[in-house]
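Here's the structure, in structure tokens; my notes come after.
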Amino acid sequence: MSRPPHDDGAARPVHTATLLDETDERQAKVLEELRADPRIEFLDTLAEQRETLSRLRPVVSEELSNEPHRWAYYPWRRTVVGVLGPQSFAVLRLDRNRNLITAQEQARLSRQRVGVVGLSVGHAIAHTLALQGVVGHLRLADFDTLEVSNLNRVPGTVFDLGVNKAVIAARRIAELDPYLSVEAWTDGVTPESVDEFLADLDVAVEECDSLDLKVVVREAARARRIPVLMSTADRGLVDVERFDLEPDRPVLHGLLREIDSSRLAGLSTRDKVPHMLRFLEITRSSARGAASMLEVNRTLTTWPQLAGEVVLGATSIVECVRRIGVGQPLPSGRARVDVEAALDALEEPAVPRDLPVAEPVTEAHGEAAADVVAAAAVRAPSGGNTQPWRVTVTTDAVTVQLLPERTSRMDVAYRASAVSLGASVFNARVAAAAVEHHAVVEFEEPAQPDDGCPLRATVRLATGAEPGLGALYGPMLARSTNRHLGTPEVLPSETIRQLRSAAESEGAQLQLLTERAAVESAARLMAAADRIRYLTATLHQEMISELRWPGDPHPDTGLDIASLGLEPNDLVMLDILRRPDVMAWLEKWDAGSALGEDTFDRVVSSSGLAVVTIAGDTLYDYARGGAATEAVWIAAHQAGLSVQPVSPVFLYAHDDADLEELSPRFATELRRLQDAFTSLTGTGGARAALVLRLSHTSGAPIRSRREAYTRSMVEA
């Protein structure tokens, strides 16, 4: 076995490009000589390459964009090609690998050194390794030259006939990437040279025909703790031997039993056949492949191989090399990527779902005053329509108690639940007034509740009328959430006065954002917060669990898909957004800026944002904020406005500990967003109960379902 070829002046086939930098005086002179040679063609697409580089996202650094270019001379083609500098060329060539291979992974893979023995099947493997950018150095070995019969699976041409197979593969790789380091061992690998071939390799790929050499390569690789990979062109067999992790494992998985390379060398060709068949696991081969083995040297010159199987095997080997390179789990063993079997199991794809049509919401309640009040109480809004309460009715009282089991991560310390409970109590008061009763409300907020309920309100019906509240009964029942996009319009001053008056009547304040710049700033902050909600596993799971599809077993809670204001094509995007595995990758990459686009679009289509605030931070204070929010919501409906709650993730967090609990990964970012939102809305020093999006839209809202109230067996 000769040493790897190098430029010693001997007559060797050239297989690498000569890289020339015209800023170097000596290399510039070589370029001049090449330009003067009429037989040499120059190809210059540098302007197009730089223009494409400038379009990458994110924008490349100035250092990369200004990197000096090179000229690559290919003697076997008598052509010189202009290429970007090594760093910018790599970034541009492998840009489409992202995010399937991250920049950090690409950097690790670019340091891998891989050797390939046997460049028939190995040609496709070596080229695909280079194509995908999972190697920094390739060492290719084959003693054979290309023949016409090889052209059914080796991607050479008739111009390559008689050329060494390792050289053909190396040239093709050089034309793909002139910067990639490639050696061509034109004498192949022998027992005498195998240690030299394996020296400093990270992975060995063995694709030779000789069973003897297969064992020799593995024994030497095992001694050096180098993993060995192999693909065979029958039913997509891929073979992995992790000698780097298991230095004592038998070669070829022990399929040759006790036969080693020294004993194998003493066997005749005929005696080797049973060992070859055992190694190939002939019982698992395709029927055509197994039958063909019996015809070798009879009706077949040698065993058959198909280009499609060879390319498929290359795909499997490259994935193995990628996994080894990035430290992803890959055990020793075998797998089959059987395309024929897969095609035998073709299935019709699932027909895309249409947007569901919401079923009409029907509500029934008794005629007694307490039943009317209880039915109104359950009509209150709640985050994700979770209805975090239990509404119980007796003859002359309605009790609304907070249910801790219906809390969520965003419901920090039950503050969102308390807001919903306060809205429920407000509805109860309105209904009591409508049936000519006066509501006496008693709140209980025990420090250590015996029954686990942190907040309870009892609405007792007394004699007396409140005509002002009673007039809100019809508008209260008509109140709904409308998530459709709107058309921004100026809010009349009288409408603004009415909204603020409604909040103040319940002891709260209302901050309004109506300037377009302020609304857009708020939209960006809320979109960023929504992105965090998607990328935080618990928040995402809770958000998706709120959605209700036709046939859902719990239709009386949650958000009907039909109520989300989606366009038909949005369902495809929703199928992506629902997947936790997709969100996990986006979180890992610190990506997903598109996740807040829907929130941004809806907020900027608003005529204004209303923030209801309260003084104090007890659950009772938040319940007062809930009553004020419901009063504002009803007033907005009366003014012809559509309303959608758009509260950001950080709304109920009081301190850094709350933010850390919400999303440990993004707590610092949430703090920045919360501070910016507080500054923008002017709500510093107060607690926000809810944020409402006010819009002018023609889209019809869809009312959410409600669970029924219950009748107590014990009178209050």
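Please note that chains go A, B, ... in the order of the structure tokens, that every chain numbers its residues from 1, and that ligands are numbered from 1 in the order shown.
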Please identify all polymer residues within 8 Å of Ala503 in chain A, counting only C-alpha atoms, omitting same-chain residues fewer than 4 positions from it, and present them as a PyMOL selection string.
chain A and resi 499+507-510+612+628-629+631-632
Within 8 Å of Asp556 in chain A using only C-alpha atoms, minus same-chain residues under 6 positions, as a list in words
Ser704, Arg705, Arg706 and Glu707 of chain A
Backbone DSSP call of helix (DSSP H, G or I) for range 356-431 of chain A, listed as a PyMOL selection string:
chain A and resi 369-377+383-385+404-406+412-431
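Closest approach to Thr697 in chain A among A:Ile282, A:Ala502, A:His637, A:Asp530 is made by A:His637 (distances from only C-alpha atoms).
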Got a sec: who's within 12 Å of Thr613 in chain A, counting only C-alpha atoms, leaving out chain neighbours fewer than 3 positions off, as a PyMOL selection string?
chain A and resi 419+500+503-504+506-512+610+616-617+621-629+632+651-652+678+681-692
With the cut-off set at 9 Å and counting only C-alpha atoms, tabulate each residue of range 335-402 of chain A with an atom at most that distance from an atom of range 472-485 of chain A, showing the nearest atom pair and its distance in Å to one decimal, ordered by chain and increasing number, as CSV.
```
residue,atom,partner,partner_atom,distance
A:Ala376,CA,A:Leu477,CA,7.4
A:Arg379,CA,A:Leu477,CA,7.3
A:Ala380,CA,A:Met476,CA,8.9
A:Pro381,CA,A:Ser480,CA,8.4
```
Atoms to include: N, CA and C atoms. Write the selected residues as a CSV table (one decimal), in the first residue's frame.
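What landed in out.csv:
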```
chain,number,residue,atom,x,y,z
A,376,ALA,N,-77.1,34.2,35.6
A,376,ALA,CA,-76.3,35.4,35.2
A,376,ALA,C,-74.8,35.2,35.7
A,379,ARG,N,-72.5,33.4,33.6
A,379,ARG,CA,-72.2,34.0,32.3
A,379,ARG,C,-71.0,34.9,32.3
A,380,ALA,N,-70.3,35.0,33.4
A,380,ALA,CA,-69.1,35.9,33.5
A,380,ALA,C,-68.0,35.3,32.7
A,381,PRO,N,-67.1,36.2,32.2
A,381,PRO,CA,-65.9,35.8,31.5
A,381,PRO,C,-64.8,35.2,32.4
```
What lies within 12 Å of Ala174 in chain A using only C-alpha atoms, ignoring chain neighbours under 2 positions off, as an MDAnalysis selection string?
chainID A and resid 14:19 72:77 81 126:127 130:131 137:138 167:172 176:184
Where does DSSP see strand (DSSP E or B) in range 528-675 of chain A, if you list the residues as a VMD selection string?
chain A and resid 547 to 548 559 to 560 608 to 614 642 to 645
Deliver the residues from the most recent selection as a file, using N, CA and C atoms, as a short mmCIF file (atom, residue, chain, number, x, y, z; two decimals), in the first residue's frame.
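File written: again-v5.cif
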```cif
data_model
loop_
_atom_site.label_atom_id
_atom_site.label_comp_id
_atom_site.auth_asym_id
_atom_site.auth_seq_id
_atom_site.Cartn_x
_atom_site.Cartn_y
_atom_site.Cartn_z
N LEU A 547 -58.58 24.68 24.11
CA LEU A 547 -59.30 24.65 22.83
C LEU A 547 -60.30 23.50 22.80
N ARG A 548 -61.45 23.76 22.20
CA ARG A 548 -62.50 22.75 22.09
C ARG A 548 -62.89 22.57 20.63
N LEU A 559 -62.45 27.10 24.97
CA LEU A 559 -62.73 27.99 23.84
C LEU A 559 -63.07 27.19 22.60
N ASP A 560 -64.27 27.40 22.11
CA ASP A 560 -64.69 26.77 20.86
C ASP A 560 -63.79 27.26 19.73
N GLY A 608 -58.44 50.75 20.30
CA GLY A 608 -57.81 51.13 21.54
C GLY A 608 -57.63 49.93 22.44
N LEU A 609 -56.76 50.09 23.45
CA LEU A 609 -56.55 49.08 24.48
C LEU A 609 -56.98 49.67 25.82
N ALA A 610 -57.75 48.91 26.58
CA ALA A 610 -58.23 49.36 27.89
C ALA A 610 -57.60 48.50 28.97
N VAL A 611 -56.96 49.14 29.93
CA VAL A 611 -56.36 48.42 31.06
C VAL A 611 -57.12 48.83 32.33
N VAL A 612 -57.80 47.86 32.94
CA VAL A 612 -58.54 48.10 34.18
C VAL A 612 -57.58 47.87 35.34
N THR A 613 -57.43 48.88 36.20
CA THR A 613 -56.49 48.77 37.32
C THR A 613 -57.19 49.00 38.65
N ILE A 614 -56.57 48.46 39.69
CA ILE A 614 -57.11 48.56 41.05
C ILE A 614 -55.99 48.92 42.01
N SER A 642 -66.48 46.01 19.76
CA SER A 642 -66.18 44.60 20.00
C SER A 642 -65.06 44.53 21.03
N VAL A 643 -65.10 43.49 21.86
CA VAL A 643 -64.15 43.38 22.97
C VAL A 643 -63.50 42.00 22.96
N GLN A 644 -62.20 41.99 23.20
CA GLN A 644 -61.46 40.74 23.37
C GLN A 644 -60.44 40.92 24.49
N PRO A 645 -60.42 40.05 25.50
CA PRO A 645 -59.36 40.13 26.51
C PRO A 645 -58.04 39.67 25.91
#
```
For range 289-303 of chain A, find every residue with an atom within 10 Å (counting only C-alpha atoms), except residues of its own chain fewer than 6 positions away, and show them as number ranges by chain.
A: 233-235, 273, 277, 280-283
Keeping only C-alpha atoms, take the residues you just selected and write them out as a PDB file, in the first residue's frame.
```pdb
ATOM      1  CA  ALA A 233     -27.928  -2.160  -1.037  1.00  0.00           C
ATOM      2  CA  ASP A 234     -30.689  -4.595  -0.109  1.00  0.00           C
ATOM      3  CA  ARG A 235     -33.751  -3.526   1.864  1.00  0.00           C
ATOM      4  CA  VAL A 273     -19.713 -18.048   1.377  1.00  0.00           C
ATOM      5  CA  LEU A 277     -24.457 -15.141   4.016  1.00  0.00           C
ATOM      6  CA  LEU A 280     -25.660 -10.462   5.441  1.00  0.00           C
ATOM      7  CA  GLU A 281     -28.494 -12.080   7.444  1.00  0.00           C
ATOM      8  CA  ILE A 282     -29.697 -13.620   4.233  1.00  0.00           C
ATOM      9  CA  THR A 283     -32.952 -14.751   5.873  1.00  0.00           C
TER      10      THR A 283
END
```
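The space separating CA of Arg602 in chain A from CA of Asp354 in chain A comes to 22.2 Å.
Comparing the minimum interatomic distances between Lys588 in chain A and each of A:Gln541, A:Thr102, A:Leu421, A:Cys453, counting only C-alpha atoms, we find that A:Thr102 sits nearest.
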Using only C-alpha atoms for the distances, tell me which of A:Arg26, A:His438, A:Arg406, A:Arg322 is nearest to Arg111 in chain A.
A:Arg322
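As for CA of Glu246 in chain A and CA of Phe197 in chain A, they are spaced 21.2 Å apart.
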With only C-alpha atoms as the atoms that count, which of A:Ala413, A:Leu237, A:Met526, A:Ala447 lies nearest to His654 in chain A?
A:Ala413
